[in-house]
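Asks: Below you'll find model26.tsv; it's TSV, C-alpha atoms.
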```tsv
chain	number	residue	atom	x	y	z
A	1	MET	CA	148.90	-51.29	119.75
A	2	ASN	CA	146.99	-54.05	121.50
A	3	GLN	CA	143.89	-55.18	119.67
A	4	ARG	CA	140.67	-54.06	121.30
A	5	THR	CA	138.05	-56.77	121.63
A	6	VAL	CA	134.36	-56.15	121.00
A	7	LEU	CA	131.32	-58.42	121.06
A	8	VAL	CA	128.84	-58.06	118.20
A	9	THR	CA	125.38	-59.54	118.80
A	10	GLY	CA	123.33	-60.46	115.75
A	11	ALA	CA	126.67	-60.69	113.95
A	12	THR	CA	125.46	-62.58	110.87
A	13	GLY	CA	122.65	-60.12	110.12
A	14	TYR	CA	122.58	-57.52	107.36
A	15	ILE	CA	123.90	-54.43	109.14
A	16	ALA	CA	126.05	-56.23	111.70
A	17	SER	CA	127.97	-58.23	109.08
A	18	HIS	CA	129.01	-55.01	107.33
A	19	VAL	CA	130.04	-53.49	110.66
A	20	CYS	CA	132.11	-56.62	111.41
A	21	VAL	CA	134.01	-56.17	108.13
A	22	LEU	CA	134.89	-52.60	109.00
A	23	LEU	CA	135.85	-53.43	112.60
A	24	LEU	CA	138.22	-56.15	111.41
A	25	GLN	CA	139.74	-53.83	108.83
A	26	ARG	CA	140.28	-51.19	111.54
A	27	GLY	CA	142.18	-53.63	113.75
A	28	PHE	CA	139.53	-54.69	116.25
A	29	GLU	CA	139.24	-58.23	117.53
A	30	VAL	CA	135.61	-59.17	116.91
A	31	ILE	CA	133.60	-61.90	118.61
A	32	GLY	CA	130.33	-62.70	116.88
A	33	LEU	CA	127.16	-64.03	118.47
A	34	ASP	CA	123.89	-64.89	116.72
A	35	ASN	CA	121.08	-67.42	117.11
A	36	LEU	CA	120.78	-67.67	113.29
A	37	SER	CA	117.00	-67.29	113.40
A	38	ASN	CA	117.04	-64.80	110.51
A	39	SER	CA	120.46	-65.38	108.95
A	40	THR	CA	122.99	-68.08	108.09
A	41	VAL	CA	126.48	-68.71	109.38
A	42	ASP	CA	128.02	-68.80	105.88
A	43	VAL	CA	128.07	-65.00	105.88
A	44	LEU	CA	131.06	-65.19	108.25
A	45	GLU	CA	133.15	-66.91	105.60
A	46	ARG	CA	132.41	-64.04	103.21
A	47	VAL	CA	133.26	-61.54	105.94
A	48	ARG	CA	136.60	-63.34	106.37
A	49	GLU	CA	137.17	-63.23	102.61
A	50	ILE	CA	136.65	-59.47	102.53
A	51	ALA	CA	138.50	-58.55	105.73
A	52	GLY	CA	141.26	-61.17	105.63
A	53	ARG	CA	140.62	-62.30	109.20
A	54	PRO	CA	138.10	-64.70	110.74
A	55	ILE	CA	135.61	-63.97	113.49
A	56	PRO	CA	135.33	-66.30	116.48
A	57	PHE	CA	131.63	-67.13	116.51
A	58	MET	CA	129.15	-68.55	118.99
A	59	GLN	CA	125.67	-69.66	118.00
A	60	ALA	CA	123.67	-68.47	120.97
A	61	ASP	CA	120.74	-66.28	121.91
A	62	VAL	CA	121.14	-62.99	123.77
A	63	ARG	CA	118.61	-64.36	126.25
A	64	ASP	CA	121.14	-67.08	127.18
A	65	THR	CA	122.62	-65.50	130.30
A	66	ARG	CA	125.17	-68.23	130.93
A	67	THR	CA	126.73	-68.10	127.47
A	68	LEU	CA	126.83	-64.31	127.46
A	69	SER	CA	128.52	-64.23	130.86
A	70	GLU	CA	131.13	-66.77	129.76
A	71	VAL	CA	131.94	-64.85	126.59
A	72	LEU	CA	132.19	-61.47	128.29
A	73	ALA	CA	134.22	-62.72	131.24
A	74	GLY	CA	136.61	-64.89	129.26
A	75	ARG	CA	137.53	-62.63	126.34
A	76	ARG	CA	138.35	-59.23	127.91
A	77	VAL	CA	135.62	-57.56	125.91
A	78	GLU	CA	135.80	-53.76	126.02
A	79	ALA	CA	132.48	-52.95	124.37
A	80	VAL	CA	129.36	-54.53	122.92
A	81	LEU	CA	127.63	-53.59	119.68
A	82	HIS	CA	124.07	-54.84	120.05
A	83	PHE	CA	122.25	-55.64	116.79
A	84	ALA	CA	120.39	-58.82	117.77
A	85	GLY	CA	116.63	-58.56	117.55
A	86	LEU	CA	113.56	-58.83	115.36
A	87	LYS	CA	112.85	-55.97	112.94
A	88	SER	CA	109.67	-56.33	110.87
A	89	VAL	CA	107.01	-53.73	111.61
A	90	SER	CA	104.20	-55.83	110.14
A	91	GLU	CA	105.32	-58.98	111.94
A	92	SER	CA	105.53	-57.07	115.22
A	93	VAL	CA	101.87	-56.12	114.91
A	94	ALA	CA	100.93	-59.79	114.55
A	95	GLN	CA	103.42	-61.07	117.15
A	96	PRO	CA	104.02	-58.32	119.73
A	97	LEU	CA	105.00	-60.67	122.56
A	98	SER	CA	107.74	-62.20	120.44
A	99	TYR	CA	109.12	-58.73	119.76
A	100	PHE	CA	109.10	-57.69	123.40
A	101	ASP	CA	110.69	-61.01	124.39
A	102	ASN	CA	113.48	-60.82	121.82
A	103	ASN	CA	114.13	-57.10	121.69
A	104	VAL	CA	113.41	-55.97	125.25
A	105	HIS	CA	113.99	-59.06	127.38
A	106	GLY	CA	117.00	-59.97	125.23
A	107	THR	CA	118.58	-56.58	125.84
A	108	VAL	CA	117.93	-56.72	129.59
A	109	THR	CA	119.60	-60.14	129.74
A	110	LEU	CA	122.58	-58.77	127.81
A	111	LEU	CA	122.86	-55.79	130.15
A	112	GLN	CA	122.78	-58.05	133.19
A	113	ALA	CA	125.61	-60.17	131.77
A	114	MET	CA	127.59	-57.05	130.87
A	115	SER	CA	127.13	-55.68	134.37
A	116	LEU	CA	128.39	-58.89	135.96
A	117	ALA	CA	131.45	-58.84	133.70
A	118	GLN	CA	132.00	-55.09	134.26
A	119	VAL	CA	131.72	-54.39	130.53
A	120	LYS	CA	129.97	-51.03	130.47
A	121	ARG	CA	130.30	-49.69	126.94
A	122	LEU	CA	127.40	-50.35	124.59
A	123	ILE	CA	126.34	-49.26	121.10
A	124	PHE	CA	122.63	-49.95	120.65
A	125	SER	CA	120.95	-50.41	117.28
A	126	SER	CA	117.79	-48.31	117.50
A	127	SER	CA	115.51	-47.00	114.78
A	128	ALA	CA	113.86	-43.87	113.44
A	129	THR	CA	110.56	-45.70	113.94
A	130	VAL	CA	110.62	-44.28	117.49
A	131	TYR	CA	109.57	-40.93	115.97
A	132	GLY	CA	106.35	-42.34	114.55
A	133	GLN	CA	104.73	-39.78	112.27
A	134	PRO	CA	107.10	-36.80	112.30
A	135	GLU	CA	105.66	-33.36	112.89
A	136	VAL	CA	108.60	-31.62	111.21
A	137	VAL	CA	111.31	-32.72	108.78
A	138	PRO	CA	114.24	-33.02	108.85
A	139	ILE	CA	113.94	-34.87	112.16
A	140	GLN	CA	116.20	-33.84	115.02
A	141	GLU	CA	116.97	-36.00	118.05
A	142	SER	CA	114.87	-33.65	120.18
A	143	ALA	CA	111.74	-34.43	118.14
A	144	ARG	CA	108.78	-35.93	119.95
A	145	VAL	CA	108.80	-39.73	120.01
A	146	SER	CA	105.49	-41.33	119.08
A	147	VAL	CA	105.74	-45.00	118.25
A	148	THR	CA	102.94	-46.58	116.21
A	149	ASN	CA	103.80	-50.29	116.29
A	150	PRO	CA	105.30	-52.91	118.65
A	151	TYR	CA	108.65	-52.95	116.82
A	152	GLY	CA	109.15	-49.23	117.36
A	153	ARG	CA	107.85	-49.54	120.91
A	154	SER	CA	110.39	-52.28	121.66
A	155	LYS	CA	113.19	-49.97	120.50
A	156	LEU	CA	111.87	-47.07	122.56
A	157	PHE	CA	111.47	-49.29	125.64
A	158	VAL	CA	115.12	-50.28	125.35
A	159	GLU	CA	116.20	-46.66	124.93
A	160	GLU	CA	114.35	-45.82	128.15
A	161	ILE	CA	115.88	-48.80	129.95
A	162	LEU	CA	119.34	-47.66	128.88
A	163	ALA	CA	118.65	-44.13	130.11
A	164	ASP	CA	117.49	-45.48	133.48
A	165	LEU	CA	120.57	-47.69	133.68
A	166	HIS	CA	122.90	-44.77	133.11
A	167	ARG	CA	121.04	-42.65	135.66
A	168	SER	CA	121.54	-45.41	138.21
A	169	ASP	CA	125.22	-45.98	137.34
A	170	SER	CA	127.09	-43.22	135.52
A	171	THR	CA	130.04	-45.52	134.76
A	172	TRP	CA	128.04	-46.87	131.82
A	173	SER	CA	128.87	-45.35	128.41
A	174	ILE	CA	125.98	-45.95	126.03
A	175	GLY	CA	125.58	-44.84	122.44
A	176	VAL	CA	122.15	-45.08	120.81
A	177	LEU	CA	122.02	-44.89	117.01
A	178	ARG	CA	118.63	-44.26	115.42
A	179	TYR	CA	118.85	-45.62	111.87
A	180	PHE	CA	116.74	-44.35	109.04
A	181	ASN	CA	116.61	-46.64	105.94
A	182	PRO	CA	119.74	-48.78	105.43
A	183	VAL	CA	120.18	-50.03	101.86
A	184	GLY	CA	122.93	-51.22	99.53
A	185	ALA	CA	125.62	-53.81	100.11
A	186	HIS	CA	129.39	-54.21	100.37
A	187	SER	CA	131.10	-53.16	97.14
A	188	SER	CA	132.57	-56.66	96.75
A	189	GLY	CA	129.10	-58.10	96.20
A	190	LEU	CA	129.85	-60.79	98.80
A	191	ILE	CA	127.53	-59.63	101.58
A	192	GLY	CA	124.24	-57.76	101.60
A	193	GLU	CA	120.63	-57.92	102.71
A	194	LYS	CA	119.13	-61.38	102.29
A	195	PRO	CA	115.49	-61.30	103.39
A	196	LYS	CA	113.66	-64.53	104.03
A	197	GLY	CA	110.39	-64.68	102.09
A	198	THR	CA	108.80	-61.48	100.85
A	199	PRO	CA	111.11	-58.47	101.40
A	200	ASN	CA	109.81	-55.86	103.84
A	201	ASN	CA	112.08	-53.13	102.48
A	202	LEU	CA	111.85	-51.28	99.18
A	203	MET	CA	115.21	-51.90	97.55
A	204	PRO	CA	115.37	-55.70	97.99
A	205	TYR	CA	111.86	-55.82	96.58
A	206	ILE	CA	112.89	-53.75	93.57
A	207	ALA	CA	115.82	-56.12	93.07
A	208	GLU	CA	113.51	-59.12	92.94
A	209	VAL	CA	111.42	-57.36	90.32
A	210	ALA	CA	114.59	-56.62	88.34
A	211	VAL	CA	115.52	-60.32	88.18
A	212	GLY	CA	111.98	-61.43	87.37
A	213	LEU	CA	111.05	-63.01	90.69
A	214	ARG	CA	108.15	-60.57	91.06
A	215	PRO	CA	106.16	-58.82	88.32
A	216	TYR	CA	106.10	-55.23	89.53
A	217	VAL	CA	106.55	-52.85	92.45
A	218	SER	CA	103.42	-51.47	94.06
A	219	VAL	CA	103.96	-47.82	94.92
A	220	PHE	CA	101.68	-46.98	97.82
A	221	GLY	CA	100.35	-43.51	97.10
A	222	GLY	CA	100.96	-41.21	94.16
A	223	ASP	CA	99.25	-38.11	95.54
A	224	TYR	CA	101.51	-37.06	98.42
A	225	PRO	CA	102.61	-33.39	98.59
A	226	THR	CA	106.09	-34.30	97.27
A	227	ALA	CA	107.84	-33.51	93.98
A	228	ASP	CA	106.51	-36.61	92.19
A	229	GLY	CA	103.64	-37.54	94.51
A	230	THR	CA	105.33	-40.58	96.06
A	231	GLY	CA	106.62	-41.01	99.61
A	232	VAL	CA	110.08	-39.68	100.48
A	233	ARG	CA	112.48	-41.50	102.82
A	234	ASP	CA	116.08	-41.13	103.98
A	235	TYR	CA	118.04	-44.03	102.45
A	236	ILE	CA	121.57	-44.56	103.78
A	237	HIS	CA	124.23	-46.88	102.37
A	238	VAL	CA	124.93	-49.72	104.79
A	239	MET	CA	128.67	-49.00	104.63
A	240	ASP	CA	128.06	-45.39	105.67
A	241	LEU	CA	126.02	-46.80	108.53
A	242	ALA	CA	128.91	-49.15	109.40
A	243	GLU	CA	131.28	-46.17	109.46
A	244	ALA	CA	128.93	-44.46	111.92
A	245	HIS	CA	129.17	-47.46	114.25
A	246	VAL	CA	132.95	-47.46	114.22
A	247	ALA	CA	133.01	-43.71	114.86
A	248	ALA	CA	130.54	-44.17	117.73
A	249	LEU	CA	132.60	-47.00	119.20
A	250	GLU	CA	135.83	-45.00	119.00
A	251	HIS	CA	134.05	-42.12	120.73
A	252	LEU	CA	133.05	-44.31	123.69
A	253	LEU	CA	136.44	-46.03	123.88
A	254	GLY	CA	137.99	-42.57	124.08
A	255	GLY	CA	136.30	-42.07	127.45
A	256	ASN	CA	133.58	-39.76	126.17
A	257	PRO	CA	130.00	-39.74	127.48
A	258	GLY	CA	127.13	-41.50	125.77
A	259	PHE	CA	124.72	-40.08	123.23
A	260	THR	CA	121.59	-40.60	121.15
A	261	LEU	CA	122.08	-39.78	117.47
A	262	ASN	CA	120.24	-39.94	114.18
A	263	VAL	CA	122.07	-41.84	111.45
A	264	GLY	CA	120.87	-40.73	108.05
A	265	THR	CA	121.95	-38.69	105.06
A	266	GLY	CA	119.76	-35.66	105.67
A	267	ARG	CA	118.33	-36.05	102.18
A	268	GLY	CA	115.14	-37.78	101.17
A	269	TYR	CA	114.49	-39.75	97.98
A	270	SER	CA	111.06	-40.63	96.63
A	271	VAL	CA	109.99	-44.15	95.73
A	272	LEU	CA	110.06	-43.26	92.03
A	273	GLU	CA	113.56	-41.78	92.37
A	274	VAL	CA	114.77	-45.05	93.89
A	275	ILE	CA	113.13	-47.08	91.12
A	276	ARG	CA	114.74	-44.93	88.42
A	277	ALA	CA	118.16	-45.12	90.11
A	278	TYR	CA	117.85	-48.91	90.26
A	279	GLU	CA	116.94	-49.01	86.58
A	280	ARG	CA	120.17	-47.12	85.84
A	281	ALA	CA	122.22	-49.45	88.03
A	282	SER	CA	120.76	-52.68	86.65
A	283	GLY	CA	120.14	-51.64	83.08
A	284	ARG	CA	116.71	-53.24	83.39
A	285	PRO	CA	113.20	-51.80	83.46
A	286	ILE	CA	111.41	-51.91	86.83
A	287	PRO	CA	107.65	-52.14	86.24
A	288	HIS	CA	105.58	-50.38	88.90
A	289	LYS	CA	101.97	-49.54	89.68
A	290	ILE	CA	100.62	-46.65	91.72
A	291	VAL	CA	98.13	-48.01	94.25
A	292	ALA	CA	96.28	-46.61	97.25
A	293	ARG	CA	98.15	-45.19	100.21
A	294	ARG	CA	98.78	-47.43	103.20
A	295	PRO	CA	97.21	-46.32	106.49
A	296	GLY	CA	99.77	-44.60	108.68
A	297	ASP	CA	102.30	-43.81	105.96
A	298	VAL	CA	103.64	-40.25	105.90
A	299	ALA	CA	104.70	-38.10	102.96
A	300	GLU	CA	108.26	-37.41	104.08
A	301	CYS	CA	110.67	-38.77	106.68
A	302	PHE	CA	114.34	-37.89	106.73
A	303	ALA	CA	117.00	-37.12	109.30
A	304	ASP	CA	118.85	-34.07	110.45
A	305	PRO	CA	122.31	-35.68	110.88
A	306	THR	CA	124.01	-32.53	112.21
A	307	ALA	CA	124.53	-33.89	115.73
A	308	ALA	CA	126.36	-37.00	114.47
A	309	GLN	CA	128.52	-34.83	112.22
A	310	GLU	CA	129.45	-32.54	115.09
A	311	LEU	CA	129.97	-35.18	117.81
A	312	LEU	CA	131.52	-38.04	115.84
A	313	GLY	CA	132.95	-36.26	112.81
A	314	TRP	CA	130.87	-38.63	110.70
A	315	SER	CA	128.69	-37.97	107.70
A	316	ALA	CA	127.17	-40.15	104.99
A	317	ARG	CA	129.02	-39.87	101.67
A	318	LEU	CA	127.69	-42.54	99.27
A	319	PRO	CA	124.91	-41.35	96.91
A	320	LEU	CA	121.75	-43.13	95.81
A	321	ASP	CA	123.28	-44.39	92.55
A	322	ARG	CA	126.06	-46.08	94.53
A	323	MET	CA	123.52	-47.62	96.91
A	324	CYS	CA	121.68	-49.14	93.96
A	325	ALA	CA	124.83	-50.25	92.11
A	326	ASP	CA	126.20	-52.07	95.16
A	327	GLN	CA	122.85	-53.67	95.91
A	328	TRP	CA	122.53	-54.83	92.29
A	329	ARG	CA	126.03	-56.37	92.43
A	330	TRP	CA	124.97	-58.26	95.56
A	331	GLN	CA	121.72	-59.37	93.91
A	332	GLN	CA	123.68	-60.78	90.98
A	333	HIS	CA	126.01	-62.59	93.37
A	334	LYS	CA	123.02	-64.14	95.12
A	335	GLU	CA	121.52	-65.21	91.81
A	336	SER	CA	124.75	-66.84	90.63
A	337	HIS	CA	125.06	-68.92	93.80
A	338	GLN	CA	121.38	-69.71	94.34
A	339	GLN	CA	120.57	-73.39	94.41
A	340	GLU	CA	117.98	-74.60	91.96
A	341	GLY	CA	114.46	-74.53	93.30
A	342	SER	CA	111.08	-72.96	92.89
A	343	ALA	CA	110.86	-69.19	92.75
A	344	PRO	CA	108.63	-67.41	95.26
A	345	THR	CA	105.06	-66.74	94.23
A	346	PRO	CA	105.09	-63.37	92.40
A	347	ARG	CA	103.21	-60.56	94.11
A	348	GLY	CA	103.50	-56.82	93.61
A	349	ARG	CA	104.56	-54.84	96.64
A	350	ALA	CA	106.85	-52.11	97.91
A	351	SER	CA	107.74	-50.40	101.12
```
Output the file's structure as structure tokens, nothing else.

Replies:
Amino acid sequence: MNQRTVLVTGATGYIASHVCVLLLQRGFEVIGLDNLSNSTVDVLERVREIAGRPIPFMQADVRDTRTLSEVLAGRRVEAVLHFAGLKSVSESVAQPLSYFDNNVHGTVTLLQAMSLAQVKRLIFSSSATVYGQPEVVPIQESARVSVTNPYGRSKLFVEEILADLHRSDSTWSIGVLRYFNPVGAHSSGLIGEKPKGTPNNLMPYIAEVAVGLRPYVSVFGGDYPTADGTGVRDYIHVMDLAEAHVAALEHLLGGNPGFTLNVGTGRGYSVLEVIRAYERASGRPIPHKIVARRPGDVAECFADPTAAQELLGWSARLPLDRMCADQWRWQQHKESHQQEGSAPTPRGRAS
């Protein structure tokens, strides 16, 4: 069978790098593109080590029309998996124009280049943040969208642009995946989430507490109407998420129509459950403090993944303990290879 070629934007990022591993292992030819604004190119060497094959890579921005056009036209690309973009909710509130420029303008530029090259299959990395504060859980794809920050709005804008594009030209096949809370790392410990500065997500923050970089985890709210009073979220192992991308890609390559799907486990875990699971994985105590709720936080948010199960034959399979164990292995790998230098200023925090 001839190898199918796909372009992965944001290829050196957390989720995309795990997807690249799986694509290579499934026989795809992968071309990577990233501007390296939030990642480093050395991740590609670790991807090669895991998968046994290298990725041709171009350091470029998705807003660089010329480079995109050259790559798409010259490599017989059959589909694009679009991960490139900014992703911090708090940063988006402070820098909304940057988010609209990168996430919205960047996607429009990519779509223009794809159109010129007649590459009309796309998997788009969206987010459950488009739902805002859910009225009902578990959340179905038909739930009302109600974004509450520029990051979520940038994702929703792109979803609407993609819908308009397909309405104008039905030859486009577009898959939109709305992620819930990706966590964990590859089981090898070679790749995982590597936040710059203070982690925005819960599990990397817990990991830094476990290794002594930060003194404790602040748990925002202990009086929610949940089993233990702390907020409940749908955490999904990054390799389960990668499997969803490959299933989505195969679906489009099979000539099937596009879709919008939730990608989650369908099960919520509380902040305290995650902390206890990480204590089991690491064998270390994780100090925490219950503090006041954050404005806008909700008690529960988790997916109904039925549509993805029915359409793609995909479902998440890795439990919370595995998520924590793999993330801890990655954290230890990072620690063993970290260059000497000053540790970040300790502050208590959690997502």

Asks: Taking all atoms listed in the file into account, which of A:Lys87, A:His105, A:Arg178, A:Arg267 comes nearest Ser125 of chain A?

Replies: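 So, comparing all the options, the nearest one is A:Arg178.
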
Asks: Got a sec to check which residues sit within 10 Å of (102.8, -51.7, 119.8), counting all atoms listed in the file, and write them as a PyMOL selection string?

Replies: chain A and resi 89+92-97+99-100+147-154

Asks: For a test of reading the model, state the distance in Å between atom CA of Ala307 of chain A and atom CA of Val104 of chain A, rounded to one decimal.

Replies: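 Atom-to-atom, atom CA of Ala307 of chain A and atom CA of Val104 of chain A are spaced 26.5 Å apart.
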
Asks: Write out as a list in words which residues come within 9 Å of Arg317 of chain A when counting all atoms listed in the file, dropping same-chain ones fewer than 4 positions away.

Replies: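 Non-adjacent residues within range: His237, Asp240 and Thr265 of chain A.
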
Asks: Just to confirm, what's the straight-line distance from atom CA of Gly229 of chain A to atom CA of Ala299 of chain A in Å (one decimal)?

Replies: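 Computed distance, atom CA of Gly229 of chain A to atom CA of Ala299 of chain A, equals 8.5 Å.
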
Asks: When you count all atoms listed in the file, which of these residues is closest to Leu165 of chain A: A:Lys120, A:Arg53, A:His82, A:Arg233?

Replies: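 With all atoms listed in the file as the atom set, the closest residue is A:Lys120.
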
Asks: Give me, please, the distance in Å between atom CA of Phe259 of chain A and atom CA of Ala113 of chain A, quoted to one decimal.

Replies: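 Between these atoms lies a distance of 21.8 Å.
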
Asks: From the list A:Ile206, A:Leu190, A:Ala242, A:Ile139, which residue is nearest Glu279 of chain A when using only C-alpha atoms?

Replies: A:Ile206

Asks: List as a PyMOL selection string the protein and nucleic acid residues near Ser187 of chain A, meaning an atom at most 9 Å away when all atoms listed in the file are counted, but skip any in the same chain fewer than 4 places from it.

Replies: chain A and resi 191+239+325-327+329-330

Asks: Please write the residues from the selection above to a file, keeping C-alpha atoms, as a CSV table (one decimal), in the frame of the given file.

Replies:
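Wrote part31.csv, looks like this:
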```
chain,number,residue,atom,x,y,z
A,191,ILE,CA,127.5,-59.6,101.6
A,239,MET,CA,128.7,-49.0,104.6
A,325,ALA,CA,124.8,-50.2,92.1
A,326,ASP,CA,126.2,-52.1,95.2
A,327,GLN,CA,122.8,-53.7,95.9
A,329,ARG,CA,126.0,-56.4,92.4
A,330,TRP,CA,125.0,-58.3,95.6
```

Asks: For Ile286 of chain A, which residue among A:Ser88, A:Ser127, A:Ser218, A:Gln133 is the nearest when counting all atoms listed in the file?

Replies: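 Using all atoms listed in the file, the shortest distance to Ile286 of chain A belongs to A:Ser218.
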
Asks: Which residues, written as number ranges by chain, have at least one atom at most 10 Å from Ala210 of chain A, with only C-alpha atoms counted and residues fewer than 4 positions away on the same chain left out?

Replies: A: 204-206, 214-217, 278-279, 282-287, 328, 331

Asks: When distances are computed from all atoms listed in the file, which of A:Leu7, A:Val21, A:Val298, A:Val137 shows the smallest separation from Arg76 of chain A?

Replies: A:Leu7

Asks: Residues at most 8 Å from Phe124 of chain A, counting only C-alpha atoms, excluding those fewer than 4 positions away in the same chain, as a list in words?

Replies: Leu81, His82, Phe83, Ile174, Gly175, Val176 and Leu177 of chain A

Asks: I'd like the box whose edges run along x, y and z of the file and which contains every listed atom of segment 145-158 of chain A, padded by 3 Å per side; could you state its centre and edge lengths in Å, one decimal, as lines of an AutoDock Vina configuration file?

Replies:
```
center_x = 109.0
center_y = -46.3
center_z = 120.9
size_x = 18.2
size_y = 19.2
size_z = 15.4
```

Asks: Which residue out of A:Asn201, A:Asn35, A:Tyr179, A:Ala292 has the minimum interatomic distance to Glu141 of chain A when all atoms listed in the file are used?

Replies: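 Residue with the minimum atom-to-atom distance to Glu141 of chain A: A:Tyr179.
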
Asks: Could you list as a ChimeraX atom specification every residue that has an atom within 12 Å of (130.8, -38.4, 108.5), using the file's coordinates and counting only C-alpha atoms?

Replies: /A:239-248,263-266,305-318

Asks: Just to be explicit: take each residue in the selection above, keep C-alpha atoms, and write the result as a PDB file, in the coordinates of the input.

Replies:
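Dumped everything to result36.pdb:
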```pdb
ATOM      1  CA  MET A 239     128.670 -49.000 104.630  1.00  0.00           C
ATOM      2  CA  ASP A 240     128.060 -45.390 105.670  1.00  0.00           C
ATOM      3  CA  LEU A 241     126.020 -46.800 108.530  1.00  0.00           C
ATOM      4  CA  ALA A 242     128.910 -49.150 109.400  1.00  0.00           C
ATOM      5  CA  GLU A 243     131.280 -46.170 109.460  1.00  0.00           C
ATOM      6  CA  ALA A 244     128.930 -44.460 111.920  1.00  0.00           C
ATOM      7  CA  HIS A 245     129.170 -47.460 114.250  1.00  0.00           C
ATOM      8  CA  VAL A 246     132.950 -47.460 114.220  1.00  0.00           C
ATOM      9  CA  ALA A 247     133.010 -43.710 114.860  1.00  0.00           C
ATOM     10  CA  ALA A 248     130.540 -44.170 117.730  1.00  0.00           C
ATOM     11  CA  VAL A 263     122.070 -41.840 111.450  1.00  0.00           C
ATOM     12  CA  GLY A 264     120.870 -40.730 108.050  1.00  0.00           C
ATOM     13  CA  THR A 265     121.950 -38.690 105.060  1.00  0.00           C
ATOM     14  CA  GLY A 266     119.760 -35.660 105.670  1.00  0.00           C
ATOM     15  CA  PRO A 305     122.310 -35.680 110.880  1.00  0.00           C
ATOM     16  CA  THR A 306     124.010 -32.530 112.210  1.00  0.00           C
ATOM     17  CA  ALA A 307     124.530 -33.890 115.730  1.00  0.00           C
ATOM     18  CA  ALA A 308     126.360 -37.000 114.470  1.00  0.00           C
ATOM     19  CA  GLN A 309     128.520 -34.830 112.220  1.00  0.00           C
ATOM     20  CA  GLU A 310     129.450 -32.540 115.090  1.00  0.00           C
ATOM     21  CA  LEU A 311     129.970 -35.180 117.810  1.00  0.00           C
ATOM     22  CA  LEU A 312     131.520 -38.040 115.840  1.00  0.00           C
ATOM     23  CA  GLY A 313     132.950 -36.260 112.810  1.00  0.00           C
ATOM     24  CA  TRP A 314     130.870 -38.630 110.700  1.00  0.00           C
ATOM     25  CA  SER A 315     128.690 -37.970 107.700  1.00  0.00           C
ATOM     26  CA  ALA A 316     127.170 -40.150 104.990  1.00  0.00           C
ATOM     27  CA  ARG A 317     129.020 -39.870 101.670  1.00  0.00           C
ATOM     28  CA  LEU A 318     127.690 -42.540  99.270  1.00  0.00           C
TER      29      LEU A 318
END
```

Asks: Any idea what's packed within 9 Å of Thr5 of chain A, counting all atoms listed in the file, ignoring anything in its chain fewer than 2 positions away? Could you give it as a list in words?

Replies: Gln3, Leu7, Phe28, Glu29, Val30, Ile31, Arg75, Arg76, Val77, Glu78 and Ala79 of chain A
